[in-house]
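Text of the file target.cif, holding mmCIF, C-alpha atoms:
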data_model
#
loop_
_atom_site.label_atom_id
_atom_site.label_comp_id
_atom_site.auth_asym_id
_atom_site.auth_seq_id
_atom_site.Cartn_x
_atom_site.Cartn_y
_atom_site.Cartn_z
CA MET A 18 -88.56 138.33 185.31
CA GLN A 19 -89.83 138.46 181.77
CA ASP A 20 -88.33 135.72 179.63
CA THR A 21 -85.38 137.24 177.80
CA THR A 22 -86.00 134.89 174.88
CA THR A 23 -88.75 137.32 173.80
CA LEU A 24 -85.84 139.34 172.42
CA THR A 25 -84.08 138.22 169.30
CA ARG A 26 -80.39 137.37 169.59
CA ALA A 27 -79.54 140.62 167.79
CA GLN A 28 -81.71 142.65 170.22
CA TYR A 29 -80.20 140.88 173.23
CA THR A 30 -76.68 141.67 171.99
CA ARG A 31 -77.68 145.25 171.16
CA ASN A 32 -79.03 145.72 174.67
CA ILE A 33 -75.80 144.49 176.23
CA ILE A 34 -73.68 146.79 174.04
CA ALA A 35 -75.94 149.82 174.64
CA LEU A 36 -76.11 149.31 178.42
CA VAL A 37 -72.36 148.75 178.72
CA ALA A 38 -71.57 151.79 176.55
CA ASP A 39 -73.99 154.01 178.46
CA SER A 40 -72.63 153.01 181.87
CA MET A 41 -69.02 153.27 180.64
CA LEU A 42 -69.45 156.82 179.33
CA PHE A 43 -71.50 157.85 182.36
CA TYR A 44 -68.79 156.58 184.75
CA MET A 45 -66.18 158.53 182.79
CA ALA A 46 -68.28 161.70 182.97
CA MET A 47 -68.80 161.29 186.71
CA SER A 48 -65.01 161.13 187.11
CA PHE A 49 -64.90 164.73 185.86
CA VAL A 50 -67.97 165.76 187.91
CA GLY A 51 -66.25 164.31 190.99
CA ALA A 52 -69.05 164.40 193.57
CA ASN A 53 -66.53 163.39 196.26
CA THR A 54 -63.44 165.08 194.81
CA VAL A 55 -63.84 167.86 192.22
CA LEU A 56 -67.17 169.22 193.47
CA PRO A 57 -66.12 169.62 197.14
CA ALA A 58 -62.86 171.23 195.96
CA LEU A 59 -64.84 173.62 193.73
CA LEU A 60 -67.23 174.55 196.54
CA GLY A 61 -64.20 175.01 198.79
CA MET A 62 -62.96 177.67 196.34
CA LEU A 63 -66.30 179.48 196.60
CA THR A 64 -66.92 179.26 200.38
CA ASP A 65 -65.12 178.48 203.64
CA SER A 66 -68.22 176.89 205.19
CA GLU A 67 -68.04 173.12 205.62
CA LEU A 68 -71.79 173.16 206.26
CA VAL A 69 -72.48 174.63 202.80
CA ILE A 70 -70.16 172.05 201.25
CA GLY A 71 -72.01 169.31 203.13
CA ILE A 72 -75.34 170.65 201.86
CA GLY A 73 -73.96 170.59 198.32
CA SER A 74 -72.93 166.97 198.66
CA GLY A 75 -76.28 166.05 200.23
CA ILE A 76 -78.23 167.68 197.42
CA THR A 77 -76.51 165.61 194.74
CA ARG A 78 -77.43 162.40 196.58
CA GLY A 79 -80.92 163.38 197.73
CA ALA A 80 -81.97 164.70 194.33
CA TRP A 81 -81.17 161.32 192.76
CA LEU A 82 -82.98 159.31 195.44
CA LEU A 83 -86.10 161.33 196.29
CA PRO A 84 -88.07 160.94 193.00
CA GLN A 85 -87.54 157.21 192.67
CA LEU A 86 -90.67 156.06 194.50
CA LEU A 87 -92.90 158.15 192.23
CA VAL A 88 -90.98 157.02 189.15
CA ALA A 89 -91.26 153.38 190.20
CA GLY A 90 -95.00 153.69 190.74
CA PHE A 91 -95.38 155.27 187.32
CA ILE A 92 -93.37 152.75 185.32
CA THR A 93 -94.99 149.62 186.77
CA ARG A 94 -97.93 150.09 184.37
CA MET A 95 -95.90 151.07 181.32
CA ARG A 96 -95.71 148.41 178.61
CA ARG A 97 -92.62 150.02 177.07
CA ARG A 98 -90.01 152.11 178.86
CA ARG A 99 -87.47 153.09 176.24
CA LYS A 100 -89.02 156.52 175.62
CA LEU A 101 -88.87 157.39 179.32
CA ILE A 102 -85.24 156.25 179.69
CA VAL A 103 -84.01 157.96 176.54
CA GLY A 104 -86.11 161.13 176.94
CA ALA A 105 -85.01 161.75 180.53
CA ALA A 106 -81.38 161.14 179.55
CA TRP A 107 -81.56 163.78 176.82
CA LEU A 108 -83.24 166.22 179.21
CA SER A 109 -80.76 165.82 182.06
CA ARG A 110 -77.33 165.29 180.55
CA PRO A 111 -76.97 168.53 178.54
CA LEU A 112 -77.46 170.44 181.83
CA MET A 113 -73.79 169.92 182.63
CA LEU A 114 -73.04 172.60 180.02
CA VAL A 115 -75.08 175.05 182.12
CA ILE A 116 -72.86 174.25 185.11
CA ALA A 117 -69.70 174.84 183.05
CA LEU A 118 -71.03 178.16 181.75
CA THR A 119 -72.04 179.31 185.24
CA ILE A 120 -68.58 178.56 186.63
CA TRP A 121 -66.89 180.36 183.72
CA ARG A 122 -68.98 183.54 183.88
CA ALA A 123 -70.01 183.95 187.54
CA ALA A 124 -67.57 182.16 189.88
CA VAL A 125 -65.25 185.14 190.42
CA PRO A 126 -67.67 188.11 190.41
CA SER A 127 -70.53 186.32 192.20
CA PRO A 128 -69.41 183.26 194.20
CA THR A 129 -72.62 183.12 196.28
CA LEU A 130 -74.80 183.26 193.17
CA THR A 131 -72.61 180.58 191.59
CA ILE A 132 -73.15 178.25 194.55
CA VAL A 133 -76.93 178.75 194.36
CA VAL A 134 -77.08 178.13 190.60
CA LEU A 135 -74.76 175.13 190.79
CA LEU A 136 -76.76 173.46 193.55
CA ALA A 137 -80.06 174.15 191.75
CA VAL A 138 -78.81 172.75 188.43
CA PHE A 139 -77.20 169.74 190.11
CA PHE A 140 -80.50 169.08 191.89
CA ILE A 141 -82.38 169.10 188.55
CA PHE A 142 -79.68 167.00 186.86
CA PHE A 143 -79.70 164.24 189.47
CA SER A 144 -83.52 164.32 189.81
CA LEU A 145 -83.88 163.69 186.08
CA ASP A 146 -81.16 161.05 186.24
CA ALA A 147 -83.34 159.24 188.78
CA VAL A 148 -86.04 159.11 186.11
CA VAL A 149 -83.47 157.33 183.94
CA SER A 150 -82.12 155.03 186.65
CA VAL A 151 -85.26 153.28 187.93
CA PRO A 152 -86.47 152.05 184.50
CA TRP A 153 -82.80 151.46 183.52
CA PHE A 154 -82.38 148.89 186.29
CA ASP A 155 -85.77 147.36 185.59
CA HIS A 156 -84.89 147.19 181.87
CA LEU A 157 -81.65 145.44 182.85
CA ALA A 158 -83.60 142.92 184.94
CA ARG A 159 -86.12 142.24 182.16
CA THR A 160 -83.72 141.93 179.24
CA ILE A 161 -80.48 140.51 180.70
CA SER A 162 -80.34 137.12 182.42
CA ALA A 163 -79.63 137.08 186.17
CA ARG A 164 -76.21 135.46 185.72
CA ARG A 165 -75.07 138.16 183.28
CA ARG A 166 -76.29 141.33 184.98
CA GLY A 167 -73.22 141.64 187.20
CA ILE A 168 -70.97 141.10 184.17
CA VAL A 169 -72.81 143.80 182.16
CA VAL A 170 -72.64 146.40 184.92
CA GLY A 171 -69.11 145.37 185.93
CA THR A 172 -67.82 145.57 182.34
CA GLY A 173 -69.23 149.07 181.92
CA GLN A 174 -67.61 150.06 185.19
CA ILE A 175 -64.21 148.59 184.27
CA LEU A 176 -64.17 150.19 180.81
CA GLY A 177 -65.35 153.47 182.29
CA GLY A 178 -62.56 153.14 184.82
CA PHE A 179 -59.87 153.11 182.12
CA GLY A 180 -61.27 156.37 180.75
CA GLY A 181 -61.72 157.69 184.29
CA ILE A 182 -58.02 157.29 185.03
CA GLY A 183 -57.37 159.52 182.04
CA ALA A 184 -60.00 161.91 183.39
CA GLY A 185 -58.13 162.05 186.68
CA ALA A 186 -54.91 162.90 184.88
CA ALA A 187 -56.73 165.64 182.97
CA VAL A 188 -58.24 167.04 186.19
CA ARG A 189 -54.83 166.99 187.87
CA TYR A 190 -53.30 168.94 184.98
CA LEU A 191 -56.15 171.45 184.68
CA LEU A 192 -56.20 172.23 188.41
CA SER A 193 -52.43 172.24 188.94
CA ALA A 194 -50.16 175.27 189.13
CA GLU A 195 -48.67 174.28 185.73
CA SER A 196 -52.02 174.58 183.94
CA PRO A 197 -52.36 177.48 181.48
CA TRP A 198 -55.89 177.98 182.84
CA SER A 199 -56.53 179.48 186.26
CA PHE A 200 -59.68 179.57 188.36
CA PRO A 201 -62.48 179.57 187.26
CA ASP A 202 -61.60 178.61 183.65
CA ASN A 203 -59.94 175.37 184.78
CA TYR A 204 -63.07 174.13 186.55
CA ALA A 205 -65.27 175.23 183.64
CA LEU A 206 -63.18 173.07 181.29
CA VAL A 207 -63.49 170.10 183.65
CA TYR A 208 -67.28 170.29 183.41
CA VAL A 209 -67.21 170.86 179.64
CA ALA A 210 -65.40 167.51 179.36
CA ALA A 211 -68.08 165.92 181.54
CA SER A 212 -70.74 167.40 179.25
CA GLY A 213 -69.24 165.82 176.14
CA LEU A 214 -69.14 162.37 177.71
CA LEU A 215 -72.71 162.66 178.98
CA LEU A 216 -73.95 163.58 175.51
CA LEU A 217 -72.21 160.49 174.10
CA SER A 218 -73.82 158.34 176.79
CA SER A 219 -77.22 159.70 175.77
CA ILE A 220 -76.55 158.54 172.22
CA ALA A 221 -75.53 155.08 173.48
CA ILE A 222 -78.65 154.54 175.60
CA SER A 223 -80.83 155.54 172.64
CA PHE A 224 -80.00 152.20 170.98
CA ILE A 225 -81.57 149.90 173.61
CA ALA A 226 -84.14 147.36 172.40
CA ASP A 227 -87.52 147.82 174.06
CA PRO A 228 -89.50 144.62 174.83
CA ASP A 229 -93.14 144.54 175.83
CA CYS A 230 -93.21 144.87 179.63
CA THR A 231 -96.55 143.11 180.17
CA PRO A 232 -96.00 140.72 183.14
CA ALA A 233 -95.36 137.18 181.96
CA ASP A 234 -97.90 135.75 184.42
CA GLY A 235 -100.70 137.91 183.02
CA THR A 236 -101.25 139.92 186.21
CA SER A 237 -101.61 143.68 186.08
CA ALA A 238 -99.33 145.98 188.01
CA PRO A 239 -100.91 148.20 190.68
CA THR A 240 -101.50 151.87 190.00
CA PRO A 241 -99.20 154.50 191.58
CA ARG A 242 -101.99 155.36 194.04
CA GLU A 243 -102.36 151.69 195.01
CA ASN A 244 -98.60 151.43 195.43
CA LEU A 245 -98.52 154.42 197.77
CA ARG A 246 -101.45 153.01 199.73
CA LEU A 247 -99.68 149.66 200.07
CA LEU A 248 -96.32 151.17 201.03
CA PRO A 249 -96.89 150.93 204.81
CA THR A 250 -97.98 147.32 204.30
CA PHE A 251 -94.77 146.47 202.43
CA LEU A 252 -92.65 147.88 205.24
CA ARG A 253 -94.74 146.36 208.05
CA ASP A 254 -95.21 142.86 206.69
CA ASP A 255 -92.02 142.21 204.75
CA ARG A 256 -89.38 141.89 207.47
CA PRO A 257 -86.41 141.01 205.21
CA PHE A 258 -87.14 143.99 202.95
CA ARG A 259 -87.46 146.28 205.97
CA ARG A 260 -84.13 145.07 207.34
CA LEU A 261 -82.50 145.65 203.95
CA ILE A 262 -83.64 149.28 204.02
CA VAL A 263 -82.22 149.78 207.53
CA VAL A 264 -78.84 148.37 206.43
CA GLN A 265 -78.86 150.59 203.34
CA LEU A 266 -79.63 153.67 205.44
CA LEU A 267 -76.92 152.95 207.99
CA LEU A 268 -74.36 152.32 205.26
CA GLY A 269 -75.45 155.51 203.49
CA PHE A 270 -74.76 157.53 206.63
CA VAL A 271 -71.09 156.58 206.32
CA GLY A 272 -71.28 159.52 203.89
CA VAL A 273 -70.95 161.89 206.87
CA ALA A 274 -67.23 161.84 206.04
CA THR A 275 -67.08 161.29 202.27
CA ALA A 276 -67.39 164.92 201.17
CA PHE A 277 -64.67 166.02 203.59
CA TYR A 278 -61.70 163.81 202.67
CA VAL A 279 -60.51 166.33 200.06
CA LEU A 280 -60.98 169.32 202.36
CA TYR A 281 -59.22 167.54 205.23
CA ALA A 282 -56.31 166.85 202.88
CA GLN A 283 -56.10 170.46 201.65
CA ARG A 284 -56.91 172.40 204.80
CA VAL A 285 -55.21 170.23 207.42
CA LEU A 286 -52.69 167.87 205.81
CA GLY A 287 -51.12 170.29 203.31
CA PHE A 288 -52.22 168.78 199.97
CA THR A 289 -52.51 171.07 196.94
CA LEU A 290 -55.46 171.69 194.61
CA GLY A 291 -53.67 169.77 191.88
CA ASP A 292 -53.68 166.67 194.07
CA THR A 293 -57.45 166.50 193.46
CA GLY A 294 -56.66 164.91 190.09
CA LEU A 295 -54.62 162.20 191.82
CA PHE A 296 -57.57 161.50 194.09
CA VAL A 297 -59.85 161.21 191.04
CA SER A 298 -57.50 158.74 189.33
CA MET A 299 -57.12 156.60 192.44
CA GLN A 300 -60.86 156.57 193.06
CA VAL A 301 -61.49 155.56 189.44
CA GLY A 302 -58.88 152.82 189.78
CA GLY A 303 -60.79 151.58 192.81
CA SER A 304 -64.05 151.59 190.85
CA MET A 305 -62.38 149.31 188.27
CA ILE A 306 -61.50 146.87 191.03
CA ALA A 307 -65.11 147.13 192.18
CA GLY A 308 -66.23 146.21 188.66
CA VAL A 309 -64.25 142.99 188.81
CA LEU A 310 -65.53 142.24 192.31
CA LEU A 311 -69.09 143.05 191.26
CA GLY A 312 -69.11 140.52 188.46
CA TYR A 313 -67.47 137.78 190.53
CA ILE A 314 -69.23 138.29 193.88
CA GLN A 315 -72.69 138.75 192.36
CA ASN A 316 -72.46 135.75 190.08
CA ARG A 317 -70.70 133.36 192.47
CA LEU A 318 -71.89 134.35 195.92
CA GLY A 319 -74.91 136.58 195.38
CA PRO A 320 -75.96 140.06 196.53
CA LEU A 321 -75.94 139.37 200.27
CA ALA A 322 -72.21 138.60 200.25
CA HIS A 323 -71.67 141.77 198.25
CA ILE A 324 -73.67 143.87 200.73
CA ARG A 325 -71.52 142.67 203.62
CA LEU A 326 -68.36 143.24 201.60
CA GLN A 327 -69.56 146.81 200.93
CA ILE A 328 -69.85 147.42 204.66
CA LEU A 329 -66.32 146.15 205.31
CA LEU A 330 -64.97 148.29 202.47
CA ALA A 331 -66.67 151.37 203.92
CA VAL A 332 -64.54 151.02 207.05
CA VAL A 333 -61.23 151.46 205.23
CA ALA A 334 -61.41 155.10 204.08
CA PRO A 335 -62.09 156.72 207.48
CA LEU A 336 -59.46 154.48 209.08
CA LEU A 337 -56.86 155.57 206.51
CA ALA A 338 -57.81 159.24 206.95
CA LEU A 339 -57.27 158.93 210.69
CA LEU A 340 -53.93 157.23 210.03
CA ALA A 341 -52.89 160.00 207.62
CA GLY A 342 -53.60 162.59 210.29
CA ALA A 343 -51.64 160.61 212.88
CA VAL A 344 -48.49 160.30 210.71
CA SER A 345 -48.68 163.71 208.95
CA GLY A 346 -45.86 165.02 211.10
CA LEU A 347 -43.51 162.24 209.94
CA GLY A 348 -43.30 163.44 206.34
CA GLY A 349 -45.45 164.37 203.38
CA GLU A 350 -44.45 161.36 201.27
CA LEU A 351 -45.99 158.82 203.67
CA THR A 352 -49.15 160.90 204.02
CA HIS A 353 -49.48 161.08 200.22
CA TRP A 354 -49.24 157.30 199.90
CA ILE A 355 -51.84 156.77 202.62
CA TYR A 356 -54.22 159.23 200.99
CA ALA A 357 -53.73 157.62 197.59
CA ALA A 358 -54.70 154.29 199.18
CA LEU A 359 -57.66 155.99 200.86
CA PHE A 360 -59.16 157.13 197.55
CA LEU A 361 -58.37 153.80 195.91
CA MET A 362 -60.40 151.99 198.58
CA LEU A 363 -63.07 154.69 198.54
CA GLY A 364 -63.41 153.98 194.82
CA VAL A 365 -63.82 150.26 195.47
CA TYR A 366 -66.54 151.01 198.02
CA ILE A 367 -68.41 153.64 195.99
CA GLY A 368 -67.99 151.56 192.82
CA GLY A 369 -70.29 148.95 194.32
CA GLY A 370 -72.89 151.64 194.99
CA ALA A 371 -76.50 150.61 195.40
CA TRP A 372 -76.06 147.70 193.00
CA PRO A 373 -75.92 144.86 195.59
CA PHE A 374 -79.05 146.24 197.28
CA ASN A 375 -80.91 146.59 193.97
CA ASN A 376 -79.82 143.12 192.87
CA TRP A 377 -80.99 141.66 196.20
CA ILE A 378 -84.41 143.16 195.45
CA MET A 379 -84.33 141.91 191.84
CA GLU A 380 -83.83 138.35 193.07
CA TYR A 381 -86.17 138.67 196.04
CA ALA A 382 -89.26 140.54 194.82
CA ALA A 383 -92.06 139.49 192.49
CA GLU A 384 -91.96 140.97 188.99
CA THR A 385 -94.81 143.46 189.41
CA ARG A 386 -93.40 144.66 192.74
CA ARG A 387 -89.76 144.91 191.70
CA PRO A 388 -89.75 148.55 190.41
CA MET A 389 -91.79 149.61 193.44
CA TYR A 390 -89.44 147.90 195.88
CA ILE A 391 -86.40 149.49 194.22
CA GLY A 392 -88.18 152.86 194.30
CA ILE A 393 -89.09 152.51 197.98
CA ALA A 394 -85.57 151.50 198.97
CA ASN A 395 -83.91 154.28 197.00
CA THR A 396 -86.39 156.99 198.01
CA LEU A 397 -86.06 156.17 201.70
CA SER A 398 -82.30 156.22 201.18
CA ALA A 399 -82.73 159.91 200.37
CA LEU A 400 -82.58 160.39 204.13
CA THR A 401 -78.84 159.91 203.72
CA MET A 402 -78.70 163.30 202.02
CA LEU A 403 -78.58 164.55 205.61
CA ALA A 404 -75.33 162.64 206.21
CA PRO A 405 -72.93 165.22 204.68
CA VAL A 406 -74.92 168.02 206.33
CA LEU A 407 -74.43 166.27 209.67
CA GLY A 408 -70.77 165.84 208.72
CA GLY A 409 -70.41 169.55 208.04
CA LEU A 410 -71.90 170.38 211.43
CA VAL A 411 -69.55 167.94 213.17
CA VAL A 412 -66.51 169.40 211.39
CA ASP A 413 -67.59 172.99 212.15
CA ARG A 414 -68.38 172.29 215.80
CA ILE A 415 -65.79 169.61 216.67
CA SER A 416 -63.16 168.45 214.16
CA TYR A 417 -62.38 166.38 211.09
CA PRO A 418 -61.28 163.33 213.15
CA ALA A 419 -64.63 163.40 214.95
CA VAL A 420 -66.55 162.98 211.69
CA LEU A 421 -64.26 160.08 210.69
CA ILE A 422 -65.00 158.28 213.96
CA LEU A 423 -68.74 158.86 213.43
CA ALA A 424 -68.47 157.21 209.99
CA LEU A 425 -66.87 154.14 211.59
CA ALA A 426 -69.74 153.94 214.09
CA PHE A 427 -72.29 153.78 211.27
CA CYS A 428 -70.26 150.99 209.62
CA ALA A 429 -70.39 148.95 212.79
CA LEU A 430 -74.16 149.39 213.10
CA ALA A 431 -74.74 148.42 209.44
CA LEU A 432 -72.67 145.25 209.82
CA GLY A 433 -74.59 144.23 212.92
CA VAL A 434 -78.03 144.71 211.34
CA SER A 435 -76.97 142.89 208.14
CA ALA A 436 -76.51 139.68 210.15
CA GLY A 437 -80.28 139.10 209.97
CA LEU A 438 -80.63 139.50 206.20
CA PRO A 439 -81.58 136.31 204.30
CA SER A 440 -79.73 135.22 201.18
CA THR A 441 -81.72 135.37 197.93
CA ARG A 442 -79.63 132.47 196.61
CA ALA A 443 -80.71 130.11 199.39
CA ALA A 444 -84.28 129.75 198.15
CA SER A 445 -86.58 130.76 195.34
CA PRO A 446 -87.46 134.45 195.07
CA VAL A 447 -90.28 135.46 197.35
CA ASP A 448 -93.62 136.33 195.78
CA THR A 449 -94.38 139.41 197.83
CA GLU A 450 -97.93 139.59 196.46
CA ALA A 451 -98.93 136.23 197.93
#

Rewrite the structure of this file - the entire thing - as structure tokens.
Amino acid sequence: MQDTTTLTRAQYTRNIIALVADSMLFYMAMSFVGANTVLPALLGMLTDSELVIGIGSGITRGAWLLPQLLVAGFITRMRRRRKLIVGAAWLSRPLMLVIALTIWRAAVPSPTLTIVVLLAVFFIFFSLDAVVSVPWFDHLARTISARRRGIVVGTGQILGGFGGIGAGAAVRYLLSAESPWSFPDNYALVYVAASGLLLLSSIAISFIADPDCTPADGTSAPTPRENLRLLPTFLRDDRPFRRLIVVQLLLGFVGVATAFYVLYAQRVLGFTLGDTGLFVSMQVGGSMIAGVLLGYIQNRLGPLAHIRLQILLAVVAPLLALLAGAVSGLGGELTHWIYAALFLMLGVYIGGGAWPFNNWIMEYAAETRRPMYIGIANTLSALTMLAPVLGGLVVDRISYPAVLILALAFCALALGVSAGLPSTRAASPVDTEA
């Protein structure tokens, strides 16, 4: 990692404030977007097909992951990365207004057209956000010391969580029967709120300090073509890195069930549309807990412990969904409490996200390979965009409980493979170029 003392104290502080503010506002905006709550509920208003809803969920994930290898190969030779981060943020984040306008004007007269436009715009939005994310993480690694990265990301997540709880309350009100706005105006307003927060986050990230990214050891980074040529070598020769990717893929396929918790609640267990706001608030509350865990686990125990904790957390949501289905005949109150706990724990799991995997790479890989390794891992993780599609097929052909059991099977496989991962805190980072 480049020596962070190349930044002045004022620049170091400014970077921390800008990165925390950006992540805080982005987390708040994503609470309104609700990839696992609001969006599936919206698509459920436009279509009865679980397969289409699964495709929608897969697109949001795949669009963010697919471009990252190309982005990583591009940025490895950039001396300064602020323009790329800030420019891509300002290109992507205003697109949420297009989504709000499409819902407002086309959802009722043309639901099929609305689905097509929404999925296309979401694909562009998350693809451009990938252009922000890869250099964002590398900027974090270069400008913030290893012992403070978890605190920076965790603080942004916790602060964003406080606002996200308010977002959940707003979503619950807007989508409830008591709201003065009915469909589609209520959903349009939800995404207008997300737009405002995303614009504020773009302003925040514009204030980052931009150090010279020339490698400290004087070596030159490989070209994108060289990176692509070496990709098979990375995967063949670097066994720990290859195992990390397998664990990340298996854990990502737990997403076969994630997009269907809301639909299972509404279509089988008798929850109302207004309950979506409760799910948002509970999931945001879980992400705040994840922020605390992130800072503590990363700094005290390291990324490997966090990866294994992520796998154990992933088990809880499908187990609780199965329990809710089993006790649904005993009374709605008990089912509501179980589902509230489900989304709380889902928030804890999702709140950790790809961070423990990226931090493992940050501590493991050589400086000139770090963006490329993050890009490879995230791009290959785009295969998990097929998870909700597979989930939709399982629900259509079999049942909701079947997809929950499938998610548990992927958890078990991920935990087993993770047993062979080395800890990056046990030895010095590996120079993968040696």

Looking at only C-alpha atoms, which of A:Ile222, A:Ala35, A:Val125, A:Leu60 is the one that sits closest to Lys100 of chain A?
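Residue with the minimum atom-to-atom distance to Lys100 of chain A: A:Ile222.
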
Which residue, A:Leu318, A:Leu68, A:Val420, A:Met389, has the smallest gap to Arg442 of chain A when you use all atoms listed in the file?
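The shortest atom-to-atom distance to Arg442 of chain A comes from A:Leu318.
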
Long-range neighbours of segment 27-33 of chain A as a short mmCIF file (atom, residue, chain, number, x, y, z; two decimals) with C-alpha atoms, in the frame of the given file, 7 Å cut-off, all atoms listed in the file, 5 positions minimum in chain:
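Written file, result.cif:
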data_model
loop_
_atom_site.label_atom_id
_atom_site.label_comp_id
_atom_site.auth_asym_id
_atom_site.auth_seq_id
_atom_site.Cartn_x
_atom_site.Cartn_y
_atom_site.Cartn_z
CA VAL A 169 -72.81 143.80 182.16
CA ILE A 225 -81.57 149.90 173.61
CA ALA A 226 -84.14 147.36 172.40
#

Atom-to-atom span, atom CA of Arg99 of chain A and atom CA of Leu261 of chain A, Å
29.1 Å

What does the distance from atom CA of Thr352 of chain A to atom CA of Asn203 of chain A come to in Å, to one decimal?
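That distance, rounded to one decimal, is 26.4 Å.
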